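Written below as structure tokens is the structure these notes are about.
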Amino acid sequence: MDLYAYTIVSDVCEGIGDCIAVCPVECISWAEGKTNAKGTAFAFIDGETCISCRGCLNACPIEGAILDEWHPELQLV
Ligand code: SF4
Ligand code: SF4
């Protein structure tokens, strides 16, 4: 199913968490107990809940960690 939602690229995320703090619908969560290719924690977006507000993308300091399109295959959860 195609969703109008954002995506966190698991292997680009560095686990900083600024995105979680700003999401107005609380649809970003930590991938509990998992690490990515960089060896850090990472977060993921619930595409069913995301309202594509861009808040997370504006807050994230890591270029390329958040995409303004839904690509669930890039979220390793
Ligand atoms: S997507 Fe960006 S702000 Fe969110 S946890 Fe990953 S690096 Fe941090
Ligand atoms: S685009 Fe908005 S609603 Fe979607 S995950 Fe980012 S902050 Fe949350």
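The chains in the structure tokens are called A, B, ... from first to last as shown; in each chain the residues are counted from 1, and the ligands are counted from 1 in the order shown.
Residue-level DSSP output for chain A, from the backbone, shows helix (DSSP H, G or I) at Asp18, Cys19, Ile20, Ala21, Val22, Gly55, Cys56, Leu57, Asn58, Ala59, Pro72, Glu73 and Leu74 of chain A.
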Generate a file of the selected residues that holds C-alpha atoms, formatted as a short mmCIF file (atom, residue, chain, number, x, y, z; two decimals), in the first residue's frame.
```cif
data_model
loop_
_atom_site.label_atom_id
_atom_site.label_comp_id
_atom_site.auth_asym_id
_atom_site.auth_seq_id
_atom_site.Cartn_x
_atom_site.Cartn_y
_atom_site.Cartn_z
CA ASP A 18 15.51 14.97 17.90
CA CYS A 19 12.83 13.69 15.54
CA ILE A 20 10.99 11.82 18.29
CA ALA A 21 10.75 14.96 20.39
CA VAL A 22 9.11 17.05 17.68
CA GLY A 55 8.81 18.39 11.59
CA CYS A 56 11.18 15.43 11.92
CA LEU A 57 13.04 16.27 8.74
CA ASN A 58 13.55 19.85 9.89
CA ALA A 59 14.82 18.66 13.29
CA PRO A 72 9.30 0.94 4.31
CA GLU A 73 11.99 -1.32 2.87
CA LEU A 74 14.58 1.14 4.25
#
```
Step by step, measure atom-to-atom distances between ligand 2 and each residue using only C-alpha atoms and all ligand atoms, keep those at most 9 Å, then write them as a PyMOL selection string. chain A and resi 5-8+19-28+44-47+49-59+66+68
If you keep N, CA, C and O atoms, can you produce a file of those selected residues as a CSV table (one decimal), in the first residue's frame?
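File written: selection.csv
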```
chain,number,residue,atom,x,y,z
A,5,ALA,N,3.6,9.3,3.6
A,5,ALA,CA,4.3,9.3,4.9
A,5,ALA,C,5.8,9.5,4.7
A,5,ALA,O,6.3,9.3,3.6
A,6,TYR,N,6.5,9.8,5.8
A,6,TYR,CA,7.9,9.9,5.7
A,6,TYR,C,8.6,8.6,6.2
A,6,TYR,O,7.9,7.7,6.7
A,7,THR,N,9.9,8.5,5.9
A,7,THR,CA,10.7,7.3,6.2
A,7,THR,C,12.0,7.7,6.9
A,7,THR,O,12.6,8.7,6.5
A,8,ILE,N,12.4,6.9,7.9
A,8,ILE,CA,13.7,7.1,8.5
A,8,ILE,C,14.6,6.0,7.9
A,8,ILE,O,14.2,4.8,8.0
A,19,CYS,N,14.1,13.9,16.3
A,19,CYS,CA,12.8,13.7,15.5
A,19,CYS,C,11.7,13.2,16.5
A,19,CYS,O,10.6,13.7,16.3
A,20,ILE,N,12.0,12.4,17.4
A,20,ILE,CA,11.0,11.8,18.3
A,20,ILE,C,10.4,12.9,19.1
A,20,ILE,O,9.2,13.0,19.3
A,21,ALA,N,11.2,13.9,19.5
A,21,ALA,CA,10.7,15.0,20.4
A,21,ALA,C,9.8,15.9,19.7
A,21,ALA,O,9.0,16.5,20.3
A,22,VAL,N,9.9,16.0,18.4
A,22,VAL,CA,9.1,17.1,17.7
A,22,VAL,C,7.9,16.5,17.0
A,22,VAL,O,7.0,17.3,16.6
A,23,CYS,N,7.8,15.2,16.8
A,23,CYS,CA,6.7,14.6,16.0
A,23,CYS,C,5.3,14.9,16.8
A,23,CYS,O,5.1,14.5,17.9
A,24,PRO,N,4.4,15.6,16.1
A,24,PRO,CA,3.2,16.0,16.8
A,24,PRO,C,2.2,14.9,17.0
A,24,PRO,O,1.2,15.0,17.7
A,25,VAL,N,2.4,13.8,16.3
A,25,VAL,CA,1.5,12.7,16.4
A,25,VAL,C,2.1,11.4,17.0
A,25,VAL,O,1.6,10.3,17.1
A,26,GLU,N,3.4,11.7,17.6
A,26,GLU,CA,4.1,10.6,18.3
A,26,GLU,C,4.2,9.3,17.5
A,26,GLU,O,3.9,8.2,18.1
A,27,CYS,N,4.5,9.4,16.2
A,27,CYS,CA,4.6,8.2,15.4
A,27,CYS,C,6.0,7.7,15.2
A,27,CYS,O,6.2,6.8,14.4
A,28,ILE,N,7.0,8.3,15.9
A,28,ILE,CA,8.4,7.8,15.8
A,28,ILE,C,8.8,7.1,17.0
A,28,ILE,O,8.6,7.6,18.1
A,44,PHE,N,12.3,4.7,13.9
A,44,PHE,CA,11.5,4.4,12.7
A,44,PHE,C,10.1,5.1,12.8
A,44,PHE,O,9.7,5.4,13.9
A,45,ILE,N,9.5,5.3,11.7
A,45,ILE,CA,8.2,6.0,11.6
A,45,ILE,C,7.1,5.0,11.3
A,45,ILE,O,7.2,4.1,10.5
A,46,ASP,N,6.0,5.2,12.0
A,46,ASP,CA,4.8,4.4,11.8
A,46,ASP,C,4.0,5.2,10.6
A,46,ASP,O,3.4,6.2,10.8
A,47,GLY,N,4.2,4.6,9.4
A,47,GLY,CA,3.6,5.3,8.3
A,47,GLY,C,2.1,5.4,8.3
A,47,GLY,O,1.6,6.3,7.6
A,49,THR,N,0.4,6.4,10.7
A,49,THR,CA,0.1,7.5,11.6
A,49,THR,C,0.7,8.9,11.2
A,49,THR,O,0.1,9.9,11.4
A,50,CYS,N,1.8,8.8,10.5
A,50,CYS,CA,2.5,10.0,10.0
A,50,CYS,C,1.6,10.9,9.2
A,50,CYS,O,0.9,10.4,8.3
A,51,ILE,N,1.7,12.2,9.5
A,51,ILE,CA,0.8,13.2,8.7
A,51,ILE,C,1.7,14.0,7.8
A,51,ILE,O,1.3,15.1,7.3
A,52,SER,N,3.0,13.6,7.6
A,52,SER,CA,3.9,14.3,6.7
A,52,SER,C,4.0,15.8,6.9
A,52,SER,O,3.9,16.6,6.0
A,53,CYS,N,4.2,16.1,8.2
A,53,CYS,CA,4.3,17.5,8.6
A,53,CYS,C,5.7,18.1,8.4
A,53,CYS,O,5.8,19.3,8.5
A,54,ARG,N,6.7,17.3,8.2
A,54,ARG,CA,8.0,17.7,7.9
A,54,ARG,C,8.8,18.1,9.2
A,54,ARG,O,10.0,18.4,9.2
A,55,GLY,N,8.1,18.0,10.3
A,55,GLY,CA,8.8,18.4,11.6
A,55,GLY,C,10.1,17.6,11.9
A,55,GLY,O,11.1,18.1,12.2
A,56,CYS,N,10.0,16.3,11.7
A,56,CYS,CA,11.2,15.4,11.9
A,56,CYS,C,12.3,15.8,11.0
A,56,CYS,O,13.5,15.8,11.4
A,57,LEU,N,12.0,16.0,9.7
A,57,LEU,CA,13.0,16.3,8.7
A,57,LEU,C,13.7,17.6,9.1
A,57,LEU,O,15.0,17.7,9.0
A,58,ASN,N,13.0,18.6,9.5
A,58,ASN,CA,13.5,19.9,9.9
A,58,ASN,C,14.4,19.7,11.1
A,58,ASN,O,15.4,20.5,11.3
A,59,ALA,N,14.1,18.8,12.0
A,59,ALA,CA,14.8,18.7,13.3
A,59,ALA,C,16.0,17.8,13.2
A,59,ALA,O,17.0,17.9,13.9
A,66,ILE,N,16.2,11.1,7.0
A,66,ILE,CA,14.8,11.1,6.8
A,66,ILE,C,14.4,11.5,5.4
A,66,ILE,O,14.9,12.5,4.9
A,68,ASP,N,11.2,12.3,2.6
A,68,ASP,CA,9.8,12.8,2.6
A,68,ASP,C,8.9,11.9,1.7
A,68,ASP,O,8.0,12.4,1.1
```
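Listed by chain and then by rising number, the residues of chain A that DSSP assigns to strand (DSSP E) from the backbone are Thr7, Ile8, Ile28, Ser29, Trp30, Ala43, Phe44, Ile45, Ile66 and Leu67 of chain A.
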Output of the above residues as a PDB file, in the first residue's frame, restricted to N, CA and C atoms:
```pdb
ATOM      1  N   THR A   7       9.910   8.524   5.911  1.00  0.00           N
ATOM      2  CA  THR A   7      10.669   7.311   6.225  1.00  0.00           C
ATOM      3  C   THR A   7      11.963   7.694   6.920  1.00  0.00           C
ATOM      4  N   ILE A   8      12.373   6.938   7.935  1.00  0.00           N
ATOM      5  CA  ILE A   8      13.717   7.071   8.488  1.00  0.00           C
ATOM      6  C   ILE A   8      14.565   5.952   7.901  1.00  0.00           C
ATOM      7  N   ILE A  28       6.977   8.290  15.898  1.00  0.00           N
ATOM      8  CA  ILE A  28       8.366   7.844  15.752  1.00  0.00           C
ATOM      9  C   ILE A  28       8.783   7.113  17.024  1.00  0.00           C
ATOM     10  N   SER A  29       9.370   5.941  16.834  1.00  0.00           N
ATOM     11  CA  SER A  29       9.761   5.102  17.970  1.00  0.00           C
ATOM     12  C   SER A  29      11.182   4.606  17.783  1.00  0.00           C
ATOM     13  N   TRP A  30      11.823   4.245  18.883  1.00  0.00           N
ATOM     14  CA  TRP A  30      13.114   3.572  18.800  1.00  0.00           C
ATOM     15  C   TRP A  30      12.913   2.127  18.364  1.00  0.00           C
ATOM     16  N   ALA A  43      15.741   5.071  14.903  1.00  0.00           N
ATOM     17  CA  ALA A  43      14.308   5.252  15.087  1.00  0.00           C
ATOM     18  C   ALA A  43      13.580   4.895  13.789  1.00  0.00           C
ATOM     19  N   PHE A  44      12.282   4.680  13.916  1.00  0.00           N
ATOM     20  CA  PHE A  44      11.486   4.395  12.716  1.00  0.00           C
ATOM     21  C   PHE A  44      10.127   5.083  12.830  1.00  0.00           C
ATOM     22  N   ILE A  45       9.510   5.273  11.681  1.00  0.00           N
ATOM     23  CA  ILE A  45       8.222   5.975  11.601  1.00  0.00           C
ATOM     24  C   ILE A  45       7.094   4.989  11.333  1.00  0.00           C
ATOM     25  N   ILE A  66      16.215  11.109   6.974  1.00  0.00           N
ATOM     26  CA  ILE A  66      14.757  11.096   6.833  1.00  0.00           C
ATOM     27  C   ILE A  66      14.383  11.484   5.412  1.00  0.00           C
ATOM     28  N   LEU A  67      13.514  10.686   4.832  1.00  0.00           N
ATOM     29  CA  LEU A  67      13.040  10.932   3.471  1.00  0.00           C
ATOM     30  C   LEU A  67      11.596  11.418   3.516  1.00  0.00           C
TER      31      LEU A  67
END
```
What's the separation between atom CA of Val9 of chain A and atom CA of Gln75 of chain A, in Å to one decimal place?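 Atom-to-atom, atom CA of Val9 of chain A and atom CA of Gln75 of chain A are spaced 5.7 Å apart.
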Counting only C-alpha atoms, the residue of A:Leu76, A:Ala65, A:Tyr4, A:Cys60 that sits nearest Thr35 of chain A: A:Leu76
From A:Glu32, A:Glu63, A:Glu48, A:Asp2, residue lying nearest ligand 1 [only C-alpha atoms and all ligand atoms]: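 Result for the nearest residue to ligand 1: A:Glu63.
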Of the candidates A:Lys38, A:Glu69, A:Gly33, A:Ile62, which one gets nearest to ligand 1 if we count only C-alpha atoms and all ligand atoms?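 Of all the options, A:Ile62 lies closest to ligand 1.
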Pick out the closest residue to ligand 1 from this set: A:Trp70, A:Gly15, A:Lys34, A:Val77. Count only C-alpha atoms and all ligand atoms.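 Smallest distance to ligand 1 is found for A:Gly15.
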